[in-house]
Amino acid sequence: MNLQTNSRLQRHEENLWSVLLHSIMTNATELISRLEELSRCMALPFSSSAGEVHTACRALAATAEAEGPEIAAAGLDLATAIEGVSDGTANLRVHLRLQTLMARIQMAAESSHAGRIWAAGQNLAELLLVVGKFLDDAPEPRWAEEFPPAVCGLEAVRLEMRNLVSLLGRPTPTDRFGLEEIDQALLYATQLIEPAPEVPLFQYLASASKHLVRDTHAAWISSHLSEGESAAPTEVYTWYWNETLGEAALDEAKVGESAATVSAFAKAMGLDEVVDYLDDPDQVTYYGLYNILPTAPTRWNLEDASIASRHLHRGLAHWYFRPLKASLAPLDVIMGVVRTRRPYYYHRMLAHALMQTVCVQRALPAGMMTDVIVGKLAAFCDLMLDGYHQRCRYLPVLKTPQGWVEYLNALVTLHFPDGQGGALCGLSGSGPSIYAALARVLYGRPN
């Protein structure tokens with residue numbers, strides 16, 4: 001190939017990428033500026049900053065108008081969230097509608113080719129980070145040699161790498177790639193998408209979303225309290241479920257009774273760690289509120305049993321540090337465990353799952369739809385029981401890199417029994433080992 005031909009091909013490739021990376025956002029830079037200003041105002045005490053928040057909401061909505069009908073509609077909803085009243089309820093509405101607006105902006109930004117590359121690269125960049133921190137605390141030098149190739153051999157990691165290099169237009173890597181090859185692909189991706197105007201917006205949204213989740217939860221609790229008031233976790237837990245179910249059927253006493261019921265049930269099942277954890281209902285409800293339940297209640301349509309599945313997907317994603325995702329992906333599970341450098345405390349999630357099952361059953365009127373919803377919640381308890389047993393089985397072998405890889409493979413199989421190629425995270429265990437026993441507690445009948 002002569003130099004002239006090579007030059008033409010290079011210009012063709014540059015023009016092609018210029019088209020692919022063309023921004024689909026009208027004004028990404030101004031959106032960031034408006035979002036940052038609103039964030040600054042929302043960080044102030046709401047009672048004294050409502051006027052500033054209102055002004056910032058309207059300015060953001062005006063900028064969002066140019067970004068398509070869905071983003072414009074979410075911006076308008078945000079602008080009207082605070083009109084008429086400036087109390088804790090308005091503060092919560094602002095947080096919830098800002099979540100919606102940011103989600104739509106992110107979806108639009110990531111629909112560009114640069115956005116898809118950025119999203120795929122973020123998953124692998126986070127993997128590099130958590131593996132690096134894991135190795136910092138490794139007990140022996142040999143872990144630095146054995147653990148990285150073992151992790152890169154996991155199917156979930158290979159899928160993510162193949163996805164990234166496909167988006168980059170590069171050759172598919174061999175099955176024996178390592179962290180260095182991931183790092184090279186990420187470097188190429190960074191250089192490629194750096195000119196895209198959405199990139200700073202991706203970075204801002206990724207950071208701001210995590211803070212917004214925490215702040216939304218605080219705003220929801222504050223919406224129930226007068227200034228200076230506080231509430232016990234068990235009381236807040238009752239608010240959550242009564243708003244979720246649309247029933248005022250739970251109070252602190254009934255939550256305490258539910259905890260005692262679950263504790264007796266767990267004792268009969270030989271689940272000593274669960275029993276010990278349930279000794280303090282405030283501890284269990286606090287853990288569930290801050291680590292599992294979505295940040296603010298979403299009213300269930302009790303004619304639709306699928307709402308329980310959506311709730312469980314979101315709760316499991318929250319538990320694995322993906323609070324705004326609708327479901328987990330295989331790599332999320334792997335990174336969650338490597339990040340914590342230990343298996344998750346499945347006995348805590350099992351205690352929470354049993355608590356929510358009993359509370360929901362006691363709050364809803366008897367009927368077939370209640371049975372279906374409670375059945376879904378109980379099947380999720382089986383999944384958490386399987387996770388707990390798996391954790392107990394693998395803990396002794398986590399002293400070697402191979403033991404870790406075996407556990408990670410088993411954990412992904414547990415949560416993705418239908419395979420990893422785009423299947424949703426599963427919500428039921430290997431068998432109904434809990435439901436039959438739990439039904440005797442809930443209904444006084446075997447099934």
# chains A, B, ... in the order shown; residues from 1 in each chain; ligands from 1
>>> select_by_dssp(residues="region 98-280 of chain A", states="helix (DSSP H, G or I)", output="number ranges by chain")
A: 98-109, 113-136, 142-152, 155-168, 179-193, 199-222, 233-245, 252-268, 272-277
>>> atom_distance(atom1="CA of His313 (chain A)", atom2="CA of Gln283 (chain A)")
22.7 Å
>>> residues_around(residues="Lys325 (chain A)", least_positions_apart="5", cutoff="9 Å", atoms="only C-alpha atoms", output="list in words")
His313, Arg314, Ala317 and His318 of chain A
>>> write_last_selection(atoms="N, CA and C atoms", output="PDB file, in the first residue's frame")
ATOM      1  N   HIS A 313     -35.735  -6.333  41.981  1.00  0.00           N
ATOM      2  CA  HIS A 313     -34.593  -6.043  41.117  1.00  0.00           C
ATOM      3  C   HIS A 313     -33.874  -4.779  41.586  1.00  0.00           C
ATOM      4  N   ARG A 314     -34.635  -3.739  41.858  1.00  0.00           N
ATOM      5  CA  ARG A 314     -34.041  -2.470  42.268  1.00  0.00           C
ATOM      6  C   ARG A 314     -33.369  -2.589  43.634  1.00  0.00           C
ATOM      7  N   ALA A 317     -30.054  -4.427  43.197  1.00  0.00           N
ATOM      8  CA  ALA A 317     -29.081  -3.524  42.573  1.00  0.00           C
ATOM      9  C   ALA A 317     -28.567  -2.499  43.584  1.00  0.00           C
ATOM     10  N   HIS A 318     -29.460  -1.975  44.430  1.00  0.00           N
ATOM     11  CA  HIS A 318     -29.049  -1.023  45.468  1.00  0.00           C
ATOM     12  C   HIS A 318     -28.046  -1.678  46.408  1.00  0.00           C
TER      13      HIS A 318
END
>>> closest_residue(among="A:Met161, A:Ala439, A:Val405, A:Leu328", to="Leu424 (chain A)", atoms="only C-alpha atoms")
A:Leu328
>>> residues_around(residues="region 286-288 of chain A", least_positions_apart="6", cutoff="8 Å", atoms="only C-alpha atoms", output="PDB file with N, CA and C atoms, in the first residue's frame")
ATOM      1  N   PRO A 233     -35.614   4.134  63.221  1.00  0.00           N
ATOM      2  CA  PRO A 233     -35.658   3.405  61.956  1.00  0.00           C
ATOM      3  C   PRO A 233     -36.915   2.558  61.777  1.00  0.00           C
ATOM      4  N   THR A 234     -37.402   1.951  62.862  1.00  0.00           N
ATOM      5  CA  THR A 234     -38.599   1.123  62.755  1.00  0.00           C
ATOM      6  C   THR A 234     -39.810   1.952  62.351  1.00  0.00           C
ATOM      7  N   TYR A 237     -39.506   2.804  58.695  1.00  0.00           N
ATOM      8  CA  TYR A 237     -39.811   1.588  57.939  1.00  0.00           C
ATOM      9  C   TYR A 237     -41.317   1.435  57.737  1.00  0.00           C
ATOM     10  N   MET A 349     -29.371  -9.749  54.144  1.00  0.00           N
ATOM     11  CA  MET A 349     -30.375  -9.612  53.098  1.00  0.00           C
ATOM     12  C   MET A 349     -31.508 -10.617  53.301  1.00  0.00           C
ATOM     13  N   HIS A 352     -33.775  -9.200  55.924  1.00  0.00           N
ATOM     14  CA  HIS A 352     -34.584  -8.142  55.310  1.00  0.00           C
ATOM     15  C   HIS A 352     -35.674  -8.738  54.425  1.00  0.00           C
TER      16      HIS A 352
END
>>> residues_around(residues="Trp300 (chain A)", least_positions_apart="4", cutoff="9 Å", atoms="only C-alpha atoms", output="PyMOL selection string")
chain A and resi 243-246+304+307-308
>>> write_last_selection(atoms="C-alpha atoms", output="PDB file, in the first residue's frame")
ATOM      1  CA  GLU A 243     -46.767   4.472  51.297  1.00  0.00           C
ATOM      2  CA  THR A 244     -45.579   1.678  49.015  1.00  0.00           C
ATOM      3  CA  LEU A 245     -48.700  -0.428  49.520  1.00  0.00           C
ATOM      4  CA  GLY A 246     -51.164   2.415  49.849  1.00  0.00           C
ATOM      5  CA  ASP A 304     -50.096  -5.942  38.869  1.00  0.00           C
ATOM      6  CA  ILE A 307     -44.416  -4.579  40.575  1.00  0.00           C
ATOM      7  CA  ALA A 308     -42.958  -6.863  43.246  1.00  0.00           C
TER       8      ALA A 308
END
>>> closest_atom_pairs(of="region 174-280 of chain A", to="region 100-122 of chain A", cutoff="7 Å", atoms="only C-alpha atoms", output="JSON lines")
{"residue": "A:Leu186", "atom": "CA", "partner": "A:Gly121", "partner_atom": "CA", "distance": 6.1}
{"residue": "A:Ala189", "atom": "CA", "partner": "A:Ile117", "partner_atom": "CA", "distance": 6.9}
{"residue": "A:Ile193", "atom": "CA", "partner": "A:Ala114", "partner_atom": "CA", "distance": 5.6}
{"residue": "A:Ala196", "atom": "CA", "partner": "A:Ala114", "partner_atom": "CA", "distance": 6.8}
{"residue": "A:Glu198", "atom": "CA", "partner": "A:Ala109", "partner_atom": "CA", "distance": 6.3}
>>> closest_residue(among="A:Ala232, A:Pro343, A:Pro173, A:Leu312", to="Pro281 (chain A)", atoms="only C-alpha atoms")
A:Ala232
